[in-house]
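Peer 1: So that we are looking at the same thing, I have put the structure below in structure tokens.
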Amino acid sequence: MNSLYYQKRLSRNIGDKFFTSLSVICALIAILPLIFLVTYILIKGGSQITPELFTLEPNPPGDDLDAGGINPALIGTLIITTIASIIAIPVGVGGGIYLAEYSKGGPFSRFIRFGVNVLAGVPSIIAGVFIYALIVSTKILFGSMYSGLAGGMALSILMLPTVIKTTDEGLKLVPNELRYASLGVGASMYTTILKVTLPSSFRSIATGVVLGIARAAGETAPLIFTALFSYYYITGFGDLFYEMGSLAVLIYNFALEPYDAQNKLAWAASFILVLSILSVNIFSRILAALTEKTKRV
Amino acid sequence: MEEKLTLFKNRKRFGIEKNIDIIFKNTALVLSSFVAIILLGIILVVFFQSFESFSRYGLKFLVTSEWNPVKDEYGAFTAIYGTLVTSFLSLLITIPLGVGTAIFITEDFVPKVVREIIGSFVELLAAIPSVVLGLWAIFVMEPFFRAFFVFLHNFFGWIPFFSTEPTGRNSFLAILILVVMLLPIVTSIARDSLNQVPKKLRNAAYGIGASRWKTIFSVILPAALSGIMAGVLLALGRAMGETMAVTMIIGNSNAFSWSLLSPGYTISSMLANQFGEADGSQVSSLFYAAFVLMILSLVVNIFAQWLVKKFSLKY
């Protein structure tokens with residue numbers, strides 16, 4: 001009769017309690033440092049934010065009094081990420097369209113899908129090394145060596161797999177009935193893709209692409225010897241062919257400086273970078289959750 | 001779908017529209033083959049750039065740790081060893097933590113809302129750039145762990161891994177920051193594969209009287225093992241290629257040491273440090289090191305994909 005009741009001392013119950021608390025401890029160990037990290041970055045970086053930060057050039061290290069601002073790096077990050085997007089989005093969306101709409105699961109498309117996964121796993125610094133060998137050391141871009149353009153190309157290699165994958169998967173989710181309907185009323189393949197399937201999967205593709213851009217904005221390794229770094233304002237189109245600063249490289253360079261003023265600038269840049277990346281992520285997450293809900297209804 | 005589409009294929013269309021259709025298809029085809037071109041390009045370019053160093057040092061490059069641009073002698077053993085040690089040890093810490101957290105999220109210990117918040121929080125952390133983690137490691141983690149390292153050295157100094165006096169940045173800190181980076185990856189993939197285990201397996205185990213953890217260990221985890229393994233391998237690839245955070249905290253020294261408390265090197269941190277100002281045969285040697293790194297991460301990645309393909313769709 002007793003055996004019907006929960007017995008604390010039974011070895012299986014003790015074991016269960018033990019492992020349950022173990023997993024709670026694991027979760028705590030895993031999550032607490034992460035919470036500390038985010039709050040620390042936000043508080044420490046947030047306290048360095050001043051209006052001048054956004055308008056001034058950074059002063060060369062060594063001048064301990066005033067570090068200046070991060071304007072060139074901020075603009076540089078925007079430019080380099082834009083260049084990367086301009087290259088990666090058309091190529092990636094086009095490739096994704098081929099994989100999802102035209103390929104029939106043959107060896108070619110299997111090879112490309114495999115290649116996308118492999119490319120996604122290539123270490124980001126290798127992308128930098130590749131662009132260095134291909135563009136920086138050969139001076140193929142009108143004789144310029146380190147340039148924002150080369151940096152953007154290196155970043156586009158990292159964005160490409162994400163864009164292809166999200167396009168491929170987004171298009172595959174479009175129900176076939178839509179395609180049949182469009183083809184059935186006499187539309188050609190490209191009209192069907194451009195007017196029916198792409199628009200209906202636009203939101204999921206856009207979300208993936210935006211997340212990919214956010215990820216690329218924080219990448220440093222491909223930039224340290226392709227775009228290098230610059231202390232000076234970006235004044236015109238020609239600056240694309242010269243060294244260009246970026247927030248990520250600024251953080252790397254200034255974190256390793258022995259001067260407090262430069263370190264503070266690195267924290268401020270981290271704050272801006274993390275805040276923008278996190279808000280993009282959270283926003284797209286909320287958007288995805290909302291669409292999920294409306295679909296269910 | 002294919003059969004039905006072929007029905008439409010042979011229909012006659014106006015010339016222009018037909019041409020646009022063909023152009024559109026071929027453009028997409030060319031764009032998709034860019035992936036293969038870039039991938040092959042990376043492999044070929046890095047290989048040919050490293051050829052000079054490869055023919056001069058051969059496989060000796062992999063086992064010697066002399067790195068002397070003045071005497072023109074190069075060997076990447078310290079960096080290769082550092083890459084392997086930091087990535088494997090960090091995985092060793094991450095796997096139990098990540099899988100434990102994933103189990104915590106997938107079981108019903110706490111309400112679903114809390115679990116979902118924890119889950120998406122962990123995923124958000126994967127988005128934090130590694131250079132920011134490096135900054136955090138330099139200014140927060142290193143001072144925090146200093147006393148712990150002194151303690152390790154004083155009490156376990158007889159173990160070769162803790163044999164040197166801790167002085168600032170070292171390999172152990174690199175391992176710890178890698179754990180912070182890998183946790184989100186392992187946790188979210190482990191959670192996804194645990195979630196994919198069919199409910200009826202769990203119910204069957206409960207039905208024959210298994211306790212919760214008996215069910216987890218004997219039914220759920222084995223069923224999710226392939227997915228978790230693939231996630232672990234992906235994390236391993238990430239760890240080996242991870243550059244910024246490691247470069248900032250590992251101390252960057254090419255002097256070989258067994259001790260984790262001494263400054264070390266990884267292939268990627270060596271590249272990040274030296275590539276900008278290298279010239280002559282040093283460049284070629286760096287490309288050789290990059291080639292080694294690429295092969296390592298390619299092997300891990302391909303193995304991970306093979307594992308996914310082989311063991312997915314089991315249920």
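Residues are referred to by chain and number: the chain letter is A, B, ... according to the order shown in the structure tokens, the number counts from 1 in that chain, and ligands are numbered separately from 1 in the order shown.
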So that I can check the secondary structure, give me every residue of segment 66-233 of chain B assigned helix (DSSP H, G or I) by backbone DSSP, as an MDAnalysis selection string.

Peer 2: chainID B and resid 77:106 112:125 130:156 160:162 171:196 199:207 212:233

Peer 1: Please list as a PyMOL selection string every residue within 12 Å of Val91 of chain A, counting only C-alpha atoms and excluding residues in the same chain fewer than 2 positions away.

Peer 2: (chain A and resi 84-89+93-98+156-157+159-165+167) or (chain B and resi 27-35+38)

Peer 1: Atoms to include: N, CA and C atoms. Write the selected residues as a short mmCIF file (atom, residue, chain, number, x, y, z; two decimals), in the first residue's frame.

Peer 2:
```cif
data_model
loop_
_atom_site.label_atom_id
_atom_site.label_comp_id
_atom_site.auth_asym_id
_atom_site.auth_seq_id
_atom_site.Cartn_x
_atom_site.Cartn_y
_atom_site.Cartn_z
N ALA A 84 29.08 45.28 -48.50
CA ALA A 84 28.91 43.84 -48.36
C ALA A 84 27.50 43.42 -48.77
N SER A 85 26.49 44.22 -48.34
CA SER A 85 25.10 43.87 -48.67
C SER A 85 24.85 43.98 -50.16
N ILE A 86 25.43 45.03 -50.77
CA ILE A 86 25.20 45.24 -52.20
C ILE A 86 25.73 44.04 -52.99
N ILE A 87 26.84 43.45 -52.51
CA ILE A 87 27.37 42.28 -53.21
C ILE A 87 26.60 41.02 -52.83
N ALA A 88 26.41 40.83 -51.53
CA ALA A 88 25.92 39.53 -51.07
C ALA A 88 24.43 39.32 -51.32
N ILE A 89 23.62 40.39 -51.23
CA ILE A 89 22.17 40.18 -51.33
C ILE A 89 21.74 39.74 -52.74
N VAL A 93 20.37 36.06 -53.04
CA VAL A 93 18.96 35.86 -53.37
C VAL A 93 18.83 35.12 -54.69
N GLY A 94 19.66 35.52 -55.68
CA GLY A 94 19.63 34.84 -56.97
C GLY A 94 19.96 33.36 -56.82
N GLY A 95 21.03 33.08 -56.08
CA GLY A 95 21.41 31.69 -55.87
C GLY A 95 20.33 30.91 -55.15
N GLY A 96 19.73 31.55 -54.14
CA GLY A 96 18.65 30.90 -53.40
C GLY A 96 17.46 30.61 -54.30
N ILE A 97 17.15 31.56 -55.21
CA ILE A 97 16.04 31.35 -56.15
C ILE A 97 16.33 30.12 -57.01
N TYR A 98 17.58 30.02 -57.48
CA TYR A 98 17.88 28.85 -58.32
C TYR A 98 17.69 27.56 -57.53
N SER A 156 31.25 40.38 -47.44
CA SER A 156 30.19 39.79 -48.27
C SER A 156 30.34 38.28 -48.35
N ILE A 157 31.60 37.78 -48.29
CA ILE A 157 31.80 36.33 -48.30
C ILE A 157 31.15 35.70 -47.08
N MET A 159 28.56 36.99 -45.46
CA MET A 159 27.10 37.16 -45.51
C MET A 159 26.44 36.19 -46.48
N LEU A 160 27.17 35.86 -47.55
CA LEU A 160 26.58 35.11 -48.65
C LEU A 160 25.86 33.82 -48.22
N PRO A 161 26.50 32.94 -47.43
CA PRO A 161 25.80 31.71 -47.06
C PRO A 161 24.48 31.97 -46.33
N THR A 162 24.47 32.97 -45.44
CA THR A 162 23.24 33.29 -44.71
C THR A 162 22.13 33.70 -45.66
N VAL A 163 22.47 34.56 -46.62
CA VAL A 163 21.45 35.07 -47.54
C VAL A 163 20.90 33.93 -48.40
N ILE A 164 21.79 33.11 -48.95
CA ILE A 164 21.33 31.99 -49.79
C ILE A 164 20.42 31.07 -48.99
N LYS A 165 20.87 30.74 -47.80
CA LYS A 165 20.11 29.79 -46.98
C LYS A 165 18.72 30.32 -46.66
N THR A 167 17.00 32.59 -48.24
CA THR A 167 16.17 32.67 -49.44
C THR A 167 15.66 31.28 -49.83
N THR B 27 20.81 33.39 -65.09
CA THR B 27 21.42 34.29 -64.12
C THR B 27 21.40 33.66 -62.73
N ALA B 28 20.24 33.12 -62.37
CA ALA B 28 20.14 32.48 -61.06
C ALA B 28 21.13 31.33 -60.94
N LEU B 29 21.26 30.59 -62.03
CA LEU B 29 22.20 29.46 -62.03
C LEU B 29 23.62 29.94 -61.80
N VAL B 30 24.00 31.01 -62.53
CA VAL B 30 25.36 31.55 -62.38
C VAL B 30 25.57 32.05 -60.95
N LEU B 31 24.55 32.79 -60.43
CA LEU B 31 24.69 33.34 -59.09
C LEU B 31 24.86 32.22 -58.06
N SER B 32 24.12 31.13 -58.25
CA SER B 32 24.23 30.06 -57.26
C SER B 32 25.58 29.37 -57.35
N SER B 33 26.17 29.37 -58.58
CA SER B 33 27.47 28.70 -58.65
C SER B 33 28.59 29.57 -58.08
N PHE B 34 28.28 30.86 -57.78
CA PHE B 34 29.27 31.71 -57.13
C PHE B 34 29.78 31.09 -55.85
N VAL B 35 28.87 30.43 -55.12
CA VAL B 35 29.26 29.82 -53.85
C VAL B 35 30.41 28.85 -54.08
N ILE B 38 33.61 30.74 -55.10
CA ILE B 38 34.29 31.38 -53.97
C ILE B 38 34.98 30.34 -53.10
#
```

Peer 1: If we count only C-alpha atoms, what is near segment 75-81 of chain A at a cut-off of 10 Å, once residues fewer than 4 positions away on the same chain are taken out, given as an NGL selection string?

Peer 2: :A and (54 or 70-71 or 85-87 or 147-156 or 159 or 213-219 or 223 or 227 or 229-230 or 233-234 or 239-240 or 243-249 or 273)

Peer 1: Per residue of chain A within 7 Å of chain B, which atom pair is closest and at what distance in Å (one decimal), using only C-alpha atoms, listed by chain and increasing number, as CSV?

Peer 2:
```
residue,atom,partner,partner_atom,distance
A:Arg12,CA,B:Ser211,CA,6.9
A:Asp16,CA,B:Trp213,CA,5.6
A:Ser23,CA,B:Gly100,CA,4.8
A:Val24,CA,B:Phe104,CA,6.4
A:Cys26,CA,B:Leu97,CA,5.0
A:Ala27,CA,B:Thr101,CA,4.3
A:Ala30,CA,B:Leu97,CA,6.4
A:Val91,CA,B:Leu31,CA,5.2
A:Gly94,CA,B:Ala28,CA,4.7
A:Gly95,CA,B:Ser32,CA,3.5
A:Gly96,CA,B:Ser32,CA,6.8
A:Ile97,CA,B:Ala28,CA,6.5
A:Tyr98,CA,B:Ala28,CA,5.1
A:Ile112,CA,B:Ala36,CA,6.4
A:Gly115,CA,B:Ala36,CA,6.1
A:Val116,CA,B:Val35,CA,6.4
A:Val118,CA,B:Asn301,CA,6.4
A:Leu119,CA,B:Leu39,CA,6.4
A:Gly121,CA,B:Asn301,CA,6.4
A:Val122,CA,B:Ser297,CA,6.7
A:Pro123,CA,B:Gly241,CA,4.5
A:Ile125,CA,B:Ser268,CA,6.8
A:Ile126,CA,B:Ala290,CA,6.7
A:Phe130,CA,B:Ile42,CA,5.8
A:Ser188,CA,B:Asp21,CA,6.9
A:Met189,CA,B:Asp21,CA,6.5
A:Tyr190,CA,B:Asp21,CA,5.6
A:Arg215,CA,B:Ala127,CA,6.5
A:Gly218,CA,B:Pro129,CA,4.9
A:Glu219,CA,B:Pro129,CA,6.4
A:Thr220,CA,B:Val131,CA,6.7
A:Ala221,CA,B:Met244,CA,6.3
A:Phe225,CA,B:Gly276,CA,5.5
A:Ala248,CA,B:Val131,CA,6.6
A:Ile251,CA,B:Val131,CA,6.9
A:Tyr252,CA,B:Val131,CA,6.3
A:Ala255,CA,B:Leu135,CA,6.0
A:Ser270,CA,B:Val132,CA,5.9
A:Val274,CA,B:Ile128,CA,6.3
A:Leu278,CA,B:Leu124,CA,7.0
```

Peer 1: Got time to write the residues from that selection, C-alpha atoms, as a compact mmCIF listing (two decimals), in the first residue's frame?

Peer 2:
```txt
# COMPACT_ATOMS: atom_id res chain seq x y z
CA ARG A 12 15.42 6.86 -8.02
CA ASP A 16 16.05 12.57 -9.89
CA SER A 23 20.65 20.94 -14.60
CA VAL A 24 19.43 24.01 -12.74
CA CYS A 26 24.16 24.23 -15.34
CA ALA A 27 21.56 26.70 -16.53
CA ALA A 30 25.49 29.27 -18.33
CA VAL A 91 24.11 37.02 -55.43
CA GLY A 94 19.63 34.84 -56.97
CA GLY A 95 21.41 31.69 -55.87
CA GLY A 96 18.65 30.90 -53.40
CA ILE A 97 16.04 31.35 -56.15
CA TYR A 98 17.88 28.85 -58.32
CA ILE A 112 25.82 23.97 -53.93
CA GLY A 115 29.06 24.33 -50.40
CA VAL A 116 26.81 26.89 -48.69
CA VAL A 118 30.86 24.60 -45.82
CA LEU A 119 31.29 28.29 -46.67
CA GLY A 121 31.81 27.24 -41.54
CA VAL A 122 34.91 28.83 -43.06
CA PRO A 123 36.63 30.85 -40.31
CA ILE A 125 39.72 35.34 -40.75
CA ILE A 126 40.22 33.06 -43.75
CA PHE A 130 41.58 35.38 -49.14
CA SER A 188 6.07 32.43 -67.04
CA MET A 189 8.51 31.10 -64.47
CA TYR A 190 10.23 34.43 -63.85
CA ARG A 215 26.08 39.77 -37.85
CA GLY A 218 30.19 43.11 -35.84
CA GLU A 219 32.77 41.04 -37.69
CA THR A 220 36.32 42.17 -37.14
CA ALA A 221 38.66 39.45 -38.31
CA PHE A 225 43.99 43.47 -42.94
CA ALA A 248 34.76 46.61 -34.78
CA ILE A 251 37.28 48.31 -30.53
CA TYR A 252 40.08 45.86 -31.29
CA ALA A 255 41.13 47.85 -26.36
CA SER A 270 30.93 48.41 -28.14
CA VAL A 274 25.88 45.75 -29.28
CA LEU A 278 20.63 43.38 -30.22
```

Peer 1: Step one, run DSSP on the backbone; step two, keep only residues of segment 9-179 of chain B assigned to strand (DSSP E or B); then write them as a list in words.

Peer 2: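 After running DSSP on the backbone, segment 9-179 of chain B has strand (DSSP E or B) at Trp67, Asn68, Glu73 and Tyr74 of chain B.
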
Peer 1: Any chance you can output those residues with N, CA and C atoms as a CSV table (one decimal), in the first residue's frame?

Peer 2:
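What ended up in again26.csv:
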```csv
chain,number,residue,atom,x,y,z
B,67,TRP,N,59.7,30.3,-34.8
B,67,TRP,CA,59.0,31.3,-35.7
B,67,TRP,C,59.9,32.5,-35.7
B,68,ASN,N,60.8,32.5,-36.6
B,68,ASN,CA,61.8,33.6,-36.6
B,68,ASN,C,62.0,34.2,-37.9
B,73,GLU,N,63.0,31.1,-40.4
B,73,GLU,CA,62.7,29.8,-40.0
B,73,GLU,C,61.3,29.8,-39.4
B,74,TYR,N,60.4,28.9,-39.9
B,74,TYR,CA,59.0,29.0,-39.5
B,74,TYR,C,58.5,27.6,-39.2
```

Peer 1: Fewer than 5 positions away in the same chain doesn't count, so skip those; otherwise give me all residues within 9 Å of Thr167 of chain B, counting only C-alpha atoms, as a ChimeraX atom specification.

Peer 2: /B:146,261-263

Peer 1: Measuring atom to atom with only C-alpha atoms, identify which of B:Phe88, B:Phe51, B:Phe61, B:Phe161 is nearest to Ile175 of chain B.

Peer 2: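 The answer is B:Phe88, which sits nearest to Ile175 of chain B.
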